[in-house]
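Q: Pasting a structure below so you can have a look.
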Amino acid sequence: MNSRQIQLDAFGRLLNIMDELREKCPWDRKQTLQTLRHLTIEETYELGDAILDNNLEEVKKELGDLLLHIVFYAKIGSETNSFDMADVANEICDKLIHRHPHIYGDVVVADEEEVKQNWEKLKLKEGKKSVLEGVPKSLPALVKASRIQEKVKGVGFDWEESHQVWDKVEEELSEFQVEVAAGNQDKMEAEFGDVLFSMINYARFLNINPEDALERTNKKFIKRFQYLESKADEIGKPLMDMTLAEMDVFWNEAKKM
């Protein structure tokens with residue numbers, strides 16, 4: 001792989017290009033923190049897709065896109081003397097050193113869990129009033145639930161055994177079924193949320209990332225359904241004109257592929 005000096009030179013090249021684009025390109029000159037925000041979110045999702053597909057070439061490209069956004073934000077910050085790339089890098093370096101006292105200090109940890117616990121304790125000492133302050137409000141609900149559970153686990157608020165979590169899943173399912181039978185839409189939604197939250201918690205105990213698991217199922221469904229569509233096109237019969245039994249024939253073919 002490239003030497004550290006080559007890596008630093010490449011980063012410097014990107015900083016120089018950003019300076020030129022901000023000065024000379026009408027589009028780049030027009031951008032603000034606010035106009036870039038939705039584009040950054042989109043790039044993050046594209047990186048996530050590449051990672052799930054294990055496409056390392058795409059991962060490299062998407063990392064570059066994200067890095068460009070980071071450099072872009074830093075450039076905008078420098079124009080108002082708020083911060084620049086050095087401030088951004090030094091800020092995270094200082095944070096990493098402070099939150100890894102087992103590496104840069106005299107703290108001894110036994111395993112990964114103690115590292116996580118120390119991390120959350122240090123954040124509280126830094127002035128945060130709640131361990132949940134670090135969970136972004138705009139996160140998708142599924143990801144947010146996972147992060148909430150990981151955060152509270154860091155301070156010891158957690159189940160001891162996985163079977164206890166599964167008992168909770170079954171309890172929430174029962175409560176959900178009661179509300180379904182009663183036909184109360186508002187309570188059904190509330191209880192369904194509890195079911196999802198408890199299932200996400202159970203997945204965590206099994207070392208399953210629920211977001212990744214659901215996305216795998218999404219991709220699998222899309223692939224099978226598109227196979228169904230292609231077969232329907234081959235026989236010249238629109239899906240809306242096919243019976244469910246006819247569709248199942250092709251669906252089962254797709255499952256065997």
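By convention in this document, the chains of the structure tokens carry letters A, B, ... by their order, each chain's residues are numbered from 1, and ligands are numbered from 1 in the order they are shown.
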Write out as a PyMOL selection string each polymer residue whose atoms come within 9 Å of region 117-124 of chain A, counting only C-alpha atoms; drop sequence neighbours fewer than 2 positions from it.

A: chain A and resi 98-101+109+112-115+126-131+151-156

Q: Those selected residues, please, written with C-alpha atoms and delivered as an mmCIF file, in the first residue's frame.

A:
```cif
data_model
loop_
_atom_site.group_PDB
_atom_site.id
_atom_site.type_symbol
_atom_site.label_atom_id
_atom_site.label_comp_id
_atom_site.auth_asym_id
_atom_site.auth_seq_id
_atom_site.Cartn_x
_atom_site.Cartn_y
_atom_site.Cartn_z
ATOM 1 C CA HIS A 98 -8.887 11.383 25.844
ATOM 2 C CA ARG A 99 -11.371 8.536 25.400
ATOM 3 C CA HIS A 100 -8.709 5.825 25.146
ATOM 4 C CA PRO A 101 -6.993 6.090 28.526
ATOM 5 C CA VAL A 109 -9.356 -2.776 30.697
ATOM 6 C CA GLU A 112 -14.154 -4.577 24.590
ATOM 7 C CA GLU A 113 -17.127 -4.117 26.921
ATOM 8 C CA GLU A 114 -15.038 -2.255 29.480
ATOM 9 C CA VAL A 115 -13.753 -0.012 26.706
ATOM 10 C CA GLU A 126 -17.250 15.918 29.641
ATOM 11 C CA GLY A 127 -20.536 17.577 30.569
ATOM 12 C CA LYS A 128 -23.181 15.517 28.800
ATOM 13 C CA LYS A 129 -26.272 15.175 30.969
ATOM 14 C CA SER A 130 -27.449 11.948 29.349
ATOM 15 C CA VAL A 131 -25.746 9.038 27.628
ATOM 16 C CA LYS A 151 -25.680 3.502 24.678
ATOM 17 C CA VAL A 152 -27.619 2.379 27.763
ATOM 18 C CA LYS A 153 -25.743 -0.916 27.776
ATOM 19 C CA GLY A 154 -22.558 1.106 28.185
ATOM 20 C CA VAL A 155 -23.703 2.218 31.641
ATOM 21 C CA GLY A 156 -24.960 -1.207 32.695
#
```

Q: Kindly assemble as CSV a list of the region 122-194 of chain A residues that lie within 9 Å of region 208-212 of chain A, each paired with its nearest atom pair and their distance in Å to one decimal, using only C-alpha atoms, sorted first by chain and then by ascending residue number.

A:
```
residue,atom,partner,partner_atom,distance
A:Leu142,CA,A:Glu211,CA,6.7
A:Val143,CA,A:Glu211,CA,6.5
A:Ser146,CA,A:Pro210,CA,7.9
```

Q: Go ahead and save the picked residues with N, CA and C atoms, as a PDB file, in the first residue's frame.

A:
```
ATOM      1  N   LEU A 142     -34.997   2.578  13.010  1.00  0.00           N
ATOM      2  CA  LEU A 142     -34.376   1.278  13.264  1.00  0.00           C
ATOM      3  C   LEU A 142     -32.951   1.442  13.771  1.00  0.00           C
ATOM      4  N   VAL A 143     -32.199   2.308  13.120  1.00  0.00           N
ATOM      5  CA  VAL A 143     -30.816   2.563  13.533  1.00  0.00           C
ATOM      6  C   VAL A 143     -30.800   3.247  14.892  1.00  0.00           C
ATOM      7  N   SER A 146     -31.215   0.830  17.768  1.00  0.00           N
ATOM      8  CA  SER A 146     -29.969   0.087  18.011  1.00  0.00           C
ATOM      9  C   SER A 146     -28.987   0.925  18.802  1.00  0.00           C
TER      10      SER A 146
END
```

Q: Determine, using only C-alpha atoms, which residues of region 127-228 of chain A have any atom at most 10 Å from an atom of region 43-65 of chain A, and tabulate each with its shortest atom pair and distance in Å to one decimal place, rows ordered by chain and then rising number, as JSON lines.

A:
```
{"residue": "A:Asp212", "atom": "CA", "partner": "A:Leu52", "partner_atom": "CA", "distance": 7.4}
{"residue": "A:Ala213", "atom": "CA", "partner": "A:Leu52", "partner_atom": "CA", "distance": 10.0}
{"residue": "A:Glu215", "atom": "CA", "partner": "A:Leu52", "partner_atom": "CA", "distance": 8.4}
{"residue": "A:Arg216", "atom": "CA", "partner": "A:Leu52", "partner_atom": "CA", "distance": 8.0}
{"residue": "A:Lys219", "atom": "CA", "partner": "A:Asp53", "partner_atom": "CA", "distance": 9.9}
```

Q: Ranking A:Tyr202, A:Ile70, A:Asp94, A:Cys25 by minimum distance to Glu160 (chain A) and counting only C-alpha atoms, which one comes first?

A: A:Tyr202

Q: Any idea what's packed within 7 Å of Val71 (chain A), counting only C-alpha atoms, ignoring anything in its chain fewer than 4 positions away? Could you give it as a list in words?

A: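 In the requested form, the answer reads Leu15, Leu67, Lys75 and Met85 of chain A.
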
Q: Neighbouring residues of region 227-242 of chain A were defined as those with any atom within 7 Å, considering only C-alpha atoms; residues of the same chain fewer than 4 positions away were excluded. Please report them as number ranges by chain.

A: A: 223, 246-247, 250-251, 254

Q: Rounded to one decimal in Å, what is the spacing between CA of His102 (chain A) and CA of Lys116 (chain A)?

A: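 Interatomic distance, CA of His102 (chain A) to CA of Lys116 (chain A): 11.5 Å.
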